[in-house]
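To be precise, the following lines are protein.txt, and they hold compact mmCIF, C-alpha atoms.
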# COMPACT_ATOMS: atom_id res chain seq x y z
CA MET A 1 36.62 15.33 -38.78
CA PHE A 2 33.19 14.99 -37.25
CA THR A 3 31.35 11.79 -36.41
CA GLN A 4 27.82 11.18 -35.27
CA ASN A 5 29.08 11.45 -31.71
CA ASN A 6 31.38 14.43 -32.20
CA LYS A 7 30.08 16.90 -34.74
CA PHE A 8 31.33 20.36 -35.59
CA LYS A 9 29.67 23.32 -34.02
CA ARG A 10 27.50 25.41 -36.31
CA PHE A 11 29.08 28.43 -37.92
CA GLU A 12 28.19 31.36 -35.67
CA LYS A 13 28.13 33.64 -38.70
CA LYS A 14 26.46 32.22 -41.79
CA VAL A 15 28.76 31.18 -44.61
CA TRP A 16 27.04 32.36 -47.78
CA LEU A 17 27.10 31.10 -51.35
CA ALA A 18 28.07 34.52 -52.75
CA THR A 19 27.47 37.99 -51.36
CA PRO A 20 28.51 41.52 -52.37
CA THR A 21 32.02 42.61 -51.40
CA MET A 22 31.99 46.35 -50.77
CA HIS A 23 35.02 48.63 -50.54
CA GLY A 24 33.91 52.18 -49.75
CA GLU A 25 34.26 53.86 -53.11
CA GLU A 26 30.70 52.75 -53.84
CA LEU A 27 29.36 55.09 -51.15
CA GLN A 28 31.51 57.91 -52.48
CA TRP A 29 29.92 57.77 -55.93
CA MET A 30 26.40 57.24 -54.55
CA THR A 31 26.90 60.31 -52.36
CA ASP A 32 28.19 62.19 -55.37
CA ALA A 33 24.93 61.43 -57.20
CA PHE A 34 22.99 62.57 -54.13
CA ASN A 35 24.95 65.80 -53.72
CA LYS A 36 24.61 66.68 -57.40
CA ASN A 37 20.91 65.69 -57.35
CA TRP A 38 21.37 63.22 -60.23
CA MET A 39 19.03 60.63 -58.72
CA SER A 40 17.32 59.54 -61.93
CA THR A 41 18.44 57.59 -65.03
CA VAL A 42 20.95 60.16 -66.25
CA GLY A 43 24.23 61.33 -64.76
CA GLU A 44 27.98 61.08 -64.63
CA ASN A 45 28.01 57.66 -62.94
CA ILE A 46 26.09 56.03 -65.79
CA ASN A 47 28.33 57.65 -68.39
CA GLU A 48 31.49 56.52 -66.60
CA VAL A 49 30.28 52.98 -65.99
CA GLU A 50 29.38 52.60 -69.66
CA ARG A 51 32.78 53.92 -70.69
CA ILE A 52 34.75 51.75 -68.26
CA VAL A 53 32.83 48.55 -69.08
CA ALA A 54 33.12 49.05 -72.86
CA GLU A 55 36.87 49.61 -72.45
CA LYS A 56 37.27 46.57 -70.19
CA ILE A 57 35.16 44.26 -72.33
CA GLY A 58 36.60 45.47 -75.60
CA CYS A 59 33.37 46.46 -77.30
CA LYS A 60 32.49 49.82 -78.82
CA TYR A 61 29.30 50.49 -76.86
CA ALA A 62 27.91 49.49 -73.45
CA VAL A 63 24.38 50.55 -72.52
CA GLY A 64 23.56 50.71 -68.80
CA LEU A 65 20.20 49.11 -68.03
CA ALA A 66 18.15 48.29 -64.94
CA THR A 67 18.92 44.56 -64.85
CA GLY A 68 20.66 41.82 -66.76
CA THR A 69 17.23 40.50 -67.72
CA ALA A 70 16.25 43.89 -69.16
CA SER A 71 19.50 43.80 -71.14
CA LEU A 72 18.63 40.37 -72.49
CA HIS A 73 15.12 41.49 -73.39
CA LEU A 74 16.39 44.41 -75.47
CA ALA A 75 19.01 42.10 -77.00
CA MET A 76 16.18 39.82 -78.21
CA LYS A 77 14.40 42.80 -79.73
CA LEU A 78 17.55 44.06 -81.41
CA ALA A 79 18.23 40.58 -82.80
CA GLY A 80 14.77 40.61 -84.37
CA ILE A 81 13.19 37.67 -82.57
CA LYS A 82 9.48 37.66 -83.36
CA ARG A 83 6.41 35.72 -82.31
CA GLY A 84 6.66 32.09 -83.37
CA ASP A 85 10.41 32.17 -84.08
CA LYS A 86 12.28 29.11 -82.85
CA VAL A 87 15.43 29.97 -80.88
CA PHE A 88 18.22 27.62 -79.79
CA CYS A 89 18.91 28.18 -76.08
CA THR A 90 21.37 26.99 -73.46
CA ASP A 91 19.59 24.31 -71.46
CA MET A 92 21.44 24.28 -68.13
CA THR A 93 21.11 27.88 -66.95
CA PHE A 94 18.95 30.21 -64.88
CA SER A 95 15.57 30.90 -66.47
CA ALA A 96 16.43 34.60 -66.93
CA THR A 97 18.62 33.57 -69.88
CA LEU A 98 15.66 32.56 -71.97
CA ASN A 99 12.59 34.18 -70.42
CA PRO A 100 13.15 37.24 -72.66
CA VAL A 101 12.88 34.95 -75.71
CA VAL A 102 9.35 34.18 -74.55
CA TYR A 103 8.65 37.87 -73.82
CA GLU A 104 9.02 38.44 -77.57
CA GLY A 105 6.93 35.39 -78.45
CA GLY A 106 9.86 33.19 -79.42
CA VAL A 107 9.89 29.43 -78.84
CA PRO A 108 12.97 28.14 -76.98
CA ILE A 109 14.53 24.94 -78.29
CA PHE A 110 16.90 23.67 -75.64
CA VAL A 111 20.34 22.40 -76.64
CA ASP A 112 22.03 19.96 -74.27
CA THR A 113 25.20 20.57 -72.26
CA GLU A 114 28.75 19.32 -72.86
CA ARG A 115 30.91 17.99 -70.05
CA ASP A 116 34.10 19.95 -70.71
CA THR A 117 32.72 23.35 -69.61
CA TRP A 118 29.08 22.59 -68.68
CA ASN A 119 27.93 24.93 -71.46
CA MET A 120 26.05 24.47 -74.73
CA ASP A 121 27.31 21.42 -76.63
CA PRO A 122 28.49 22.36 -80.17
CA VAL A 123 27.80 18.79 -81.36
CA ALA A 124 24.22 19.02 -80.09
CA LEU A 125 23.90 22.49 -81.64
CA GLU A 126 24.90 21.14 -85.06
CA LYS A 127 22.38 18.35 -84.60
CA ALA A 128 19.74 20.95 -83.71
CA PHE A 129 20.32 22.78 -87.00
CA LYS A 130 19.73 19.50 -88.87
CA LEU A 131 16.41 19.13 -87.08
CA TYR A 132 15.44 22.83 -87.28
CA PRO A 133 17.34 24.41 -90.22
CA GLU A 134 15.09 27.48 -90.19
CA VAL A 135 16.42 28.75 -86.83
CA LYS A 136 18.33 32.05 -87.02
CA HIS A 137 19.06 32.86 -83.35
CA ILE A 138 21.18 31.21 -80.63
CA VAL A 139 21.10 32.27 -76.96
CA ILE A 140 24.11 30.99 -75.04
CA ALA A 141 25.11 31.48 -71.39
CA ASN A 142 28.58 31.08 -69.83
CA LEU A 143 27.74 28.98 -66.80
CA TYR A 144 29.16 29.85 -63.36
CA GLY A 145 31.75 32.18 -64.89
CA VAL A 146 33.22 29.59 -67.31
CA PRO A 147 33.32 30.42 -71.05
CA GLY A 148 31.75 27.94 -73.42
CA LYS A 149 33.37 26.59 -76.59
CA MET A 150 32.85 29.93 -78.25
CA ASP A 151 34.94 29.38 -81.40
CA GLU A 152 33.09 26.19 -82.28
CA ILE A 153 29.70 27.72 -81.59
CA ARG A 154 30.57 30.85 -83.59
CA LYS A 155 31.61 28.76 -86.60
CA ILE A 156 28.37 26.77 -86.47
CA ALA A 157 26.32 29.96 -86.18
CA ASP A 158 28.11 31.56 -89.14
CA ARG A 159 27.70 28.44 -91.25
CA HIS A 160 23.94 28.51 -90.70
CA GLY A 161 23.53 32.30 -90.84
CA ALA A 162 22.41 32.55 -87.21
CA ALA A 163 22.95 35.43 -84.78
CA ILE A 164 24.27 34.82 -81.24
CA ILE A 165 23.02 36.55 -78.11
CA GLU A 166 25.65 35.93 -75.42
CA ASP A 167 24.52 35.90 -71.80
CA ALA A 168 27.71 36.73 -69.88
CA ALA A 169 25.78 37.63 -66.72
CA GLU A 170 27.84 35.18 -64.65
CA SER A 171 31.16 35.54 -66.49
CA PHE A 172 32.13 39.24 -66.39
CA GLY A 173 35.93 39.33 -66.46
CA ALA A 174 36.36 35.80 -67.84
CA THR A 175 38.26 35.34 -71.09
CA TYR A 176 38.39 32.83 -73.92
CA LYS A 177 41.59 32.85 -76.01
CA GLY A 178 42.40 36.24 -74.49
CA LYS A 179 39.06 37.79 -75.43
CA GLN A 180 36.50 38.90 -72.85
CA THR A 181 33.20 37.06 -72.64
CA GLY A 182 30.29 39.19 -73.73
CA THR A 183 32.00 39.93 -77.06
CA PHE A 184 31.55 36.57 -78.81
CA GLY A 185 27.93 37.14 -79.67
CA ASP A 186 26.40 39.61 -82.10
CA ILE A 187 25.00 41.17 -78.92
CA GLY A 188 26.16 40.48 -75.37
CA ILE A 189 25.03 41.28 -71.85
CA ILE A 190 26.44 41.29 -68.31
CA SER A 191 24.69 41.55 -64.95
CA PHE A 192 25.43 43.47 -61.76
CA ASN A 193 22.90 41.60 -59.62
CA GLY A 194 23.63 41.39 -55.89
CA ASN A 195 25.46 38.05 -56.00
CA LYS A 196 27.55 38.71 -59.13
CA ILE A 197 31.32 39.23 -59.07
CA ILE A 198 30.76 42.98 -59.53
CA THR A 199 27.48 44.26 -58.12
CA GLY A 200 25.32 47.35 -58.06
CA SER A 201 22.60 45.52 -56.09
CA ALA A 202 20.93 45.57 -59.49
CA GLY A 203 21.83 46.71 -62.98
CA GLY A 204 22.91 45.22 -66.28
CA MET A 205 24.70 46.18 -69.46
CA LEU A 206 24.01 45.56 -73.13
CA LEU A 207 27.20 45.18 -75.20
CA THR A 208 27.47 45.86 -78.92
CA ASP A 209 29.79 47.18 -81.62
CA ASP A 210 26.85 48.64 -83.54
CA LEU A 211 26.06 52.31 -82.85
CA GLU A 212 22.54 51.96 -84.22
CA GLN A 213 21.84 49.06 -81.83
CA ALA A 214 23.22 51.04 -78.88
CA ASN A 215 21.05 54.06 -79.74
CA LYS A 216 17.95 51.88 -80.15
CA ALA A 217 18.59 50.22 -76.77
CA ARG A 218 18.93 53.60 -75.06
CA LYS A 219 15.75 54.85 -76.70
CA TRP A 220 13.70 51.74 -75.92
CA SER A 221 14.95 51.74 -72.34
CA THR A 222 13.58 55.26 -71.74
CA GLN A 223 10.02 54.58 -72.94
CA SER A 224 10.93 55.20 -76.60
CA ARG A 225 10.52 58.93 -76.31
CA GLU A 226 11.11 60.68 -79.62
CA ASN A 227 13.29 63.76 -80.04
CA ALA A 228 10.42 66.23 -79.81
CA PRO A 229 9.60 69.12 -77.44
CA TRP A 230 6.69 67.08 -76.07
CA TYR A 231 6.26 63.43 -75.14
CA GLN A 232 6.11 61.81 -78.57
CA HIS A 233 6.00 58.01 -78.87
CA GLU A 234 6.06 56.06 -82.13
CA GLU A 235 7.03 52.60 -80.86
CA LEU A 236 6.79 50.52 -77.71
CA GLY A 237 9.19 51.47 -74.93
CA TYR A 238 10.30 50.24 -71.51
CA ASN A 239 11.44 51.69 -68.19
CA TYR A 240 14.76 49.84 -68.40
CA ARG A 241 17.47 52.51 -68.00
CA MET A 242 20.04 52.16 -65.23
CA SER A 243 19.72 54.45 -62.20
CA ASN A 244 22.58 56.90 -61.67
CA VAL A 245 22.63 55.84 -57.99
CA ILE A 246 22.99 52.15 -58.88
CA ALA A 247 25.66 53.17 -61.37
CA GLY A 248 27.52 54.80 -58.48
CA VAL A 249 27.75 51.46 -56.69
CA ILE A 250 29.01 49.78 -59.86
CA ARG A 251 31.49 52.59 -60.47
CA GLY A 252 32.98 52.00 -57.04
CA GLN A 253 33.10 48.24 -57.63
CA LEU A 254 34.71 48.13 -61.07
CA PRO A 255 38.30 48.87 -59.96
CA HIS A 256 38.13 45.71 -57.84
CA LEU A 257 37.16 43.23 -60.58
CA GLU A 258 40.56 41.55 -60.85
CA GLU A 259 40.86 41.45 -57.06
CA HIS A 260 37.49 39.67 -56.79
CA ILE A 261 38.46 37.19 -59.51
CA SER A 262 41.72 36.43 -57.69
CA GLN A 263 39.84 35.82 -54.45
CA LYS A 264 37.30 33.58 -56.18
CA ARG A 265 40.09 31.62 -57.81
CA ALA A 266 41.72 31.07 -54.41
CA VAL A 267 38.42 29.64 -53.13
CA TYR A 268 38.20 27.28 -56.12
CA GLU A 269 41.81 26.12 -55.75
CA ARG A 270 41.42 25.50 -51.99
CA TYR A 271 38.38 23.32 -52.66
CA LYS A 272 40.20 21.46 -55.42
CA LYS A 273 43.14 20.73 -53.09
CA GLY A 274 41.08 20.09 -49.96
CA LEU A 275 38.69 17.63 -51.61
CA LYS A 276 41.44 15.66 -53.31
CA GLY A 277 41.00 11.94 -52.79
CA LEU A 278 37.22 12.09 -52.71
CA PRO A 279 35.22 10.64 -55.63
CA VAL A 280 34.38 14.14 -56.87
CA THR A 281 35.55 16.69 -59.44
CA MET A 282 35.26 20.48 -59.57
CA ASN A 283 33.33 22.30 -62.30
CA PRO A 284 35.62 22.09 -65.34
CA PHE A 285 36.98 24.64 -67.80
CA ASP A 286 39.29 24.65 -70.81
CA GLU A 287 42.63 25.31 -69.09
CA LYS A 288 44.40 25.85 -72.42
CA ASN A 289 42.05 28.52 -73.81
CA SER A 290 39.92 29.87 -70.96
CA VAL A 291 40.39 31.93 -67.84
CA PRO A 292 37.11 31.81 -65.88
CA ASN A 293 36.14 34.36 -63.26
CA TYR A 294 35.51 31.48 -60.81
CA TRP A 295 32.17 33.02 -59.80
CA LEU A 296 30.93 29.80 -58.15
CA SER A 297 32.87 26.69 -57.16
CA CYS A 298 30.86 23.58 -57.97
CA LEU A 299 31.22 19.89 -57.23
CA LEU A 300 30.31 16.84 -59.32
CA ILE A 301 30.07 13.48 -57.53
CA ASP A 302 31.35 10.43 -59.41
CA GLU A 303 28.49 8.27 -60.61
CA SER A 304 29.90 5.27 -58.70
CA ALA A 305 29.90 7.30 -55.46
CA MET A 306 26.27 8.44 -55.61
CA CYS A 307 23.98 7.14 -52.92
CA LYS A 308 20.32 6.66 -53.82
CA GLN A 309 18.64 10.04 -54.29
CA VAL A 310 15.16 10.92 -55.48
CA ARG A 311 14.03 14.44 -56.35
CA GLY A 312 10.44 15.49 -56.84
CA GLU A 313 9.25 18.89 -57.99
CA GLN A 314 9.99 20.58 -54.67
CA GLU A 315 11.35 17.93 -52.31
CA ALA A 316 14.14 15.37 -52.29
CA CYS A 317 15.19 12.36 -50.24
CA TYR A 318 18.16 10.00 -50.15
CA ILE A 319 19.38 6.81 -48.51
CA LYS A 320 22.70 7.14 -46.70
CA GLU A 321 25.36 4.67 -47.89
CA HIS A 322 28.87 4.17 -46.51
CA GLY A 323 31.49 5.76 -48.78
CA LYS A 324 28.85 7.48 -50.89
CA SER A 325 26.89 10.71 -50.85
CA CYS A 326 24.66 12.89 -53.03
CA PRO A 327 23.89 16.60 -53.51
CA THR A 328 20.86 16.41 -51.23
CA GLU A 329 22.88 15.02 -48.31
CA ILE A 330 25.74 17.51 -48.76
CA LEU A 331 23.47 20.53 -49.11
CA GLU A 332 21.30 19.55 -46.14
CA THR A 333 24.40 18.89 -44.02
CA LEU A 334 25.95 22.24 -44.95
CA ALA A 335 22.67 23.97 -44.11
CA SER A 336 22.57 22.25 -40.72
CA TYR A 337 25.94 23.90 -39.96
CA ASN A 338 24.74 27.32 -41.17
CA ALA A 339 26.49 27.26 -44.57
CA GLU A 340 24.74 27.95 -47.86
CA GLY A 341 25.17 25.75 -50.92
CA ARG A 342 22.86 25.42 -53.91
CA PRO A 343 21.83 22.78 -56.42
CA ILE A 344 23.14 23.12 -59.96
CA TRP A 345 20.75 25.03 -62.22
CA LYS A 346 17.96 22.62 -63.07
CA PRO A 347 17.98 22.28 -66.86
CA MET A 348 15.25 24.19 -68.62
CA HIS A 349 13.89 21.15 -70.46
CA MET A 350 13.13 19.65 -67.03
CA GLN A 351 11.17 22.70 -65.84
CA PRO A 352 7.37 22.33 -65.74
CA ILE A 353 6.88 25.53 -67.74
CA PHE A 354 9.08 24.30 -70.62
CA ARG A 355 8.50 20.54 -70.63
CA MET A 356 6.68 20.63 -73.95
CA ASN A 357 9.46 22.57 -75.68
CA PRO A 358 11.88 20.73 -77.99
CA PHE A 359 15.14 19.49 -76.48
CA VAL A 360 18.13 18.34 -78.53
CA THR A 361 21.08 16.20 -77.38
CA ARG A 362 24.08 15.18 -79.47
CA GLU A 363 22.11 11.99 -80.16
CA GLY A 364 19.24 13.99 -81.67
CA ASP A 365 15.75 14.68 -80.33
CA GLY A 366 16.01 14.33 -76.55
CA ARG A 367 12.29 14.03 -75.84
CA GLY A 368 10.30 10.86 -75.45
CA ARG A 369 12.82 8.88 -73.42
CA THR A 370 11.75 7.08 -70.27
CA ASN A 371 15.09 7.79 -68.60
CA ALA A 372 18.37 9.58 -69.18
CA TYR A 373 20.50 6.53 -69.87
CA ILE A 374 21.18 4.43 -72.95
CA ALA A 375 23.41 1.37 -72.60
CA GLY A 376 24.79 2.78 -69.35
CA SER A 377 25.87 6.13 -70.84
CA CYS A 378 23.98 9.28 -70.00
CA VAL A 379 22.90 11.07 -73.16
CA ASP A 380 21.07 13.85 -71.28
CA VAL A 381 24.18 15.55 -69.93
CA GLY A 382 22.41 18.49 -68.27
CA MET A 383 20.15 16.18 -66.30
CA ASP A 384 23.12 14.10 -65.22
CA ILE A 385 25.10 17.14 -63.97
CA PHE A 386 22.02 18.45 -62.17
CA ASN A 387 21.51 15.07 -60.46
CA ARG A 388 25.15 14.71 -59.34
CA GLY A 389 26.30 18.31 -58.92
CA LEU A 390 26.05 21.15 -56.41
CA CYS A 391 27.38 24.67 -55.81
CA LEU A 392 29.61 25.04 -52.75
CA PRO A 393 29.82 28.16 -50.57
CA SER A 394 31.88 30.48 -52.78
CA ASP A 395 31.87 33.80 -50.99
CA ASN A 396 35.20 35.56 -51.45
CA LYS A 397 35.01 36.81 -47.86
CA MET A 398 35.11 33.29 -46.43
CA THR A 399 38.11 32.83 -44.20
CA GLU A 400 40.43 29.92 -44.87
CA GLU A 401 39.32 28.44 -41.56
CA GLU A 402 35.68 28.62 -42.60
CA GLN A 403 36.43 27.02 -45.94
CA ASP A 404 38.50 24.29 -44.29
CA LYS A 405 35.49 23.51 -42.12
CA VAL A 406 33.21 23.35 -45.18
CA ILE A 407 35.69 20.95 -46.78
CA GLU A 408 35.69 18.69 -43.70
CA ILE A 409 31.88 18.70 -43.63
CA VAL A 410 31.79 17.61 -47.29
CA ARG A 411 34.44 14.93 -46.70
CA ALA A 412 32.48 13.56 -43.73
CA CYS A 413 29.39 13.07 -45.92
CA PHE A 414 31.28 10.28 -47.66
CA ASP A 415 32.11 8.43 -44.42

Give the structure from this file in structure tokens form.
Amino acid sequence: MFTQNNKFKRFEKKVWLATPTMHGEELQWMTDAFNKNWMSTVGENINEVERIVAEKIGCKYAVGLATGTASLHLAMKLAGIKRGDKVFCTDMTFSATLNPVVYEGGVPIFVDTERDTWNMDPVALEKAFKLYPEVKHIVIANLYGVPGKMDEIRKIADRHGAAIIEDAAESFGATYKGKQTGTFGDIGIISFNGNKIITGSAGGMLLTDDLEQANKARKWSTQSRENAPWYQHEELGYNYRMSNVIAGVIRGQLPHLEEHISQKRAVYERYKKGLKGLPVTMNPFDEKNSVPNYWLSCLLIDESAMCKQVRGEQEACYIKEHGKSCPTEILETLASYNAEGRPIWKPMHMQPIFRMNPFVTREGDGRGRTNAYIAGSCVDVGMDIFNRGLCLPSDNKMTEEEQDKVIEIVRACFD
């Protein structure tokens, strides 16, 4: 344990939040693309990655695209979102989840978070339909690799005749009631971004059981070229197809998915054990029905153990209190020892770009309040988790000794 007079030494090698874990097969398949001169957006690697992912996920068709965001964009187009359409969206997520709604001219309506999984609250979603019964699209993300309450959300969507676009960018390999995430929506997507559990440095995948949707996505992703002997275009297209070289990296990664999940789970369990006794909890999941992929291990500080913390748009400050801490103190302390943590995703309804968009809690319209608390109970759950939560270093290449040191650093913040 460190004190002000006897602190730990800095990590000589930075401890990262999450970085790619490479194995060697990736280079083999990249070299294969090079040797066969398939360096464009066609080739054996793409075909194999699409086949393997569809088989793993349990969907009929997987379409390899340049990024997860490109996959989401084409999902919005396939779902038929048009200019002026209101769309219910996960509130506590990365902006990439809903930016493609805006690309198509849709208007995001943010639905608050529930505490059991930190995902879209079904109670708030039902309330949203009472306020906006005309809505026909729901965009939901599975936060930090944890599935949401997919059965409840699916039932609500079906009752109101709404389609679901499922953003499983963070949850590849996670299951809910034995079913892979990415298959609960009418259209799903996954991401192979550099920090994801399986990476290609870039890349994404659109998931569907509809052959017509898969064919449209492939066509749109290659500039909507028609089947003609010349370059014929009859609708808007995009340069969104996955590179065969990137697909080679993913192809080499895919056999290691379960291994990565096991390693991530070990990180989560070591934090849970090592931080026992502190006034904190780990990011939750439904242990009866869900198996997360444990992409990131997160911490939530008990409300009674929060020191005073103020966050502006780009800066934060806090007042140190004995026996208490806050995300700002923990993150700054970790950084001072050369370890990377992150804040929880700042909810979208709190973002300057979306502050005028509607926001719905389980209490109803969430706008117009002067603060997030009513009679001592926080009704804006996403804001509360953002204020009290943080992401811990979750790299699956962390040694146990490095993680033990991170744990001691966190514990010392409460001294």

message: Residues within 8 Å of Gly323 in chain A, please, as a PyMOL selection string. Count all atoms listed in the file; anything in the same chain fewer than 4 positions from it doesn't count.
response: chain A and resi 305+414-415

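Put simply, CA of Lys272 in chain A is 29.1 Å away from CA of Val111 in chain A.
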
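If you look at CA of Gly204 in chain A and CA of Ala66 in chain A, they are 5.8 Å away from each other.
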
query: Looking at A:Leu331, A:Val15, A:Ile344, A:Ile165, which one is nearest to Thr399 in chain A, with distances taken over only C-alpha atoms?
result: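 Among the listed residues, A:Val15 lies closest to Thr399 in chain A.
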
message: Would you compute the distance between CA of Ser394 in chain A and CA of Tyr268 in chain A? Give it in Å to one decimal.
response: 7.8 Å

- request: Measuring atom to atom with only C-alpha atoms, identify which of A:Arg83, A:Arg388, A:Arg218, A:His137 is nearest to Asp302 in chain A.
  value: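 Smallest separation from Asp302 in chain A among the options: A:Arg388.
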
Give me the residues near Ile330 in chain A as an mmCIF file with C-alpha atoms, in the frame of the given file, where near means some atom within 7 Å (using all atoms listed in the file) and where sequence neighbours in that chain fewer than 4 positions away do not count.
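Contents of the output file result-v1.cif:
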data_model
loop_
_atom_site.group_PDB
_atom_site.id
_atom_site.type_symbol
_atom_site.label_atom_id
_atom_site.label_comp_id
_atom_site.auth_asym_id
_atom_site.auth_seq_id
_atom_site.Cartn_x
_atom_site.Cartn_y
_atom_site.Cartn_z
ATOM 1 C CA CYS A 326 24.660 12.890 -53.030
ATOM 2 C CA LEU A 334 25.950 22.240 -44.950
ATOM 3 C CA VAL A 410 31.790 17.610 -47.290
ATOM 4 C CA CYS A 413 29.390 13.070 -45.920
#

task: Write out as a PyMOL selection string each polymer residue whose atoms come within 9 Å of Phe94 in chain A, counting all atoms listed in the file; drop sequence neighbours fewer than 4 positions from it.
output: chain A and resi 98+345-348

Please save C-alpha atoms of the selected residues as a JSON list (two decimals), keeping the file's coordinate frame.
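Contents of the output file part07.json:
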[["chain", "number", "residue", "atom", "x", "y", "z"],
["A", 98, "LEU", "CA", 15.66, 32.56, -71.97],
["A", 345, "TRP", "CA", 20.75, 25.03, -62.22],
["A", 346, "LYS", "CA", 17.96, 22.62, -63.07],
["A", 347, "PRO", "CA", 17.98, 22.28, -66.86],
["A", 348, "MET", "CA", 15.25, 24.19, -68.62]]

task: Neighbourhood query: residues within 12 Å of (24.5, 40.8, -54.5), file coordinates, counting all atoms listed in the file; return as a PyMOL selection string.
output: chain A and resi 16-22+191-203+249-250+253+395

What's the 12 Å shell around Ile190 in chain A, counting all atoms listed in the file, without same-chain residues fewer than 2 positions away, as a compact mmCIF listing (two decimals) with C-alpha atoms, in the frame of the given file?
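Once written, part_19.txt looks like this:
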# COMPACT_ATOMS: atom_id res chain seq x y z
CA GLU A 50 29.38 52.60 -69.66
CA VAL A 53 32.83 48.55 -69.08
CA ALA A 54 33.12 49.05 -72.86
CA ILE A 57 35.16 44.26 -72.33
CA ALA A 62 27.91 49.49 -73.45
CA VAL A 63 24.38 50.55 -72.52
CA GLY A 64 23.56 50.71 -68.80
CA LEU A 65 20.20 49.11 -68.03
CA ALA A 66 18.15 48.29 -64.94
CA THR A 67 18.92 44.56 -64.85
CA GLY A 68 20.66 41.82 -66.76
CA THR A 69 17.23 40.50 -67.72
CA ALA A 70 16.25 43.89 -69.16
CA SER A 71 19.50 43.80 -71.14
CA LEU A 72 18.63 40.37 -72.49
CA ALA A 75 19.01 42.10 -77.00
CA THR A 97 18.62 33.57 -69.88
CA ALA A 141 25.11 31.48 -71.39
CA ASN A 142 28.58 31.08 -69.83
CA GLY A 145 31.75 32.18 -64.89
CA ILE A 165 23.02 36.55 -78.11
CA GLU A 166 25.65 35.93 -75.42
CA ASP A 167 24.52 35.90 -71.80
CA ALA A 168 27.71 36.73 -69.88
CA ALA A 169 25.78 37.63 -66.72
CA GLU A 170 27.84 35.18 -64.65
CA SER A 171 31.16 35.54 -66.49
CA PHE A 172 32.13 39.24 -66.39
CA GLY A 173 35.93 39.33 -66.46
CA ALA A 174 36.36 35.80 -67.84
CA GLN A 180 36.50 38.90 -72.85
CA THR A 181 33.20 37.06 -72.64
CA GLY A 182 30.29 39.19 -73.73
CA THR A 183 32.00 39.93 -77.06
CA ILE A 187 25.00 41.17 -78.92
CA GLY A 188 26.16 40.48 -75.37
CA PHE A 192 25.43 43.47 -61.76
CA ASN A 193 22.90 41.60 -59.62
CA LYS A 196 27.55 38.71 -59.13
CA ILE A 197 31.32 39.23 -59.07
CA ILE A 198 30.76 42.98 -59.53
CA THR A 199 27.48 44.26 -58.12
CA GLY A 200 25.32 47.35 -58.06
CA ALA A 202 20.93 45.57 -59.49
CA GLY A 203 21.83 46.71 -62.98
CA GLY A 204 22.91 45.22 -66.28
CA MET A 205 24.70 46.18 -69.46
CA LEU A 206 24.01 45.56 -73.13
CA LEU A 207 27.20 45.18 -75.20
CA THR A 208 27.47 45.86 -78.92

Could you make a table, as a Markdown table, of the residues of range 237-299 of chain A that have an atom within 10 Å of an atom of range 41-44 of chain A, each with its nearest atom pair and distance in Å to one decimal, counting all atoms listed in the file, in chain and number order?
| residue | atom | partner | partner_atom | distance |
| --- | --- | --- | --- | --- |
| A:Asn239 | CA | A:Thr41 | CA | 9.7 |
| A:Tyr240 | CA | A:Thr41 | CA | 9.2 |
| A:Arg241 | CA | A:Thr41 | CA | 6.0 |
| A:Met242 | CA | A:Thr41 | CA | 5.7 |
| A:Ser243 | CA | A:Thr41 | CA | 4.4 |
| A:Asn244 | CA | A:Thr41 | CA | 5.4 |
| A:Val245 | CA | A:Thr41 | CA | 8.4 |
| A:Ile246 | CA | A:Thr41 | CA | 9.4 |
| A:Ala247 | CA | A:Glu44 | CA | 8.9 |
| A:Gly248 | CA | A:Glu44 | CA | 8.8 |

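With all atoms listed in the file taken into account, the protein and nucleic acid residues at most 9 Å from Lys320 in chain A (excluding it and anything under 2 positions from it in its own chain) are A:Cys307, A:Lys308, A:Tyr318, A:His322, A:Lys324, A:Ser325, A:Cys326, A:Glu329, A:Cys413.
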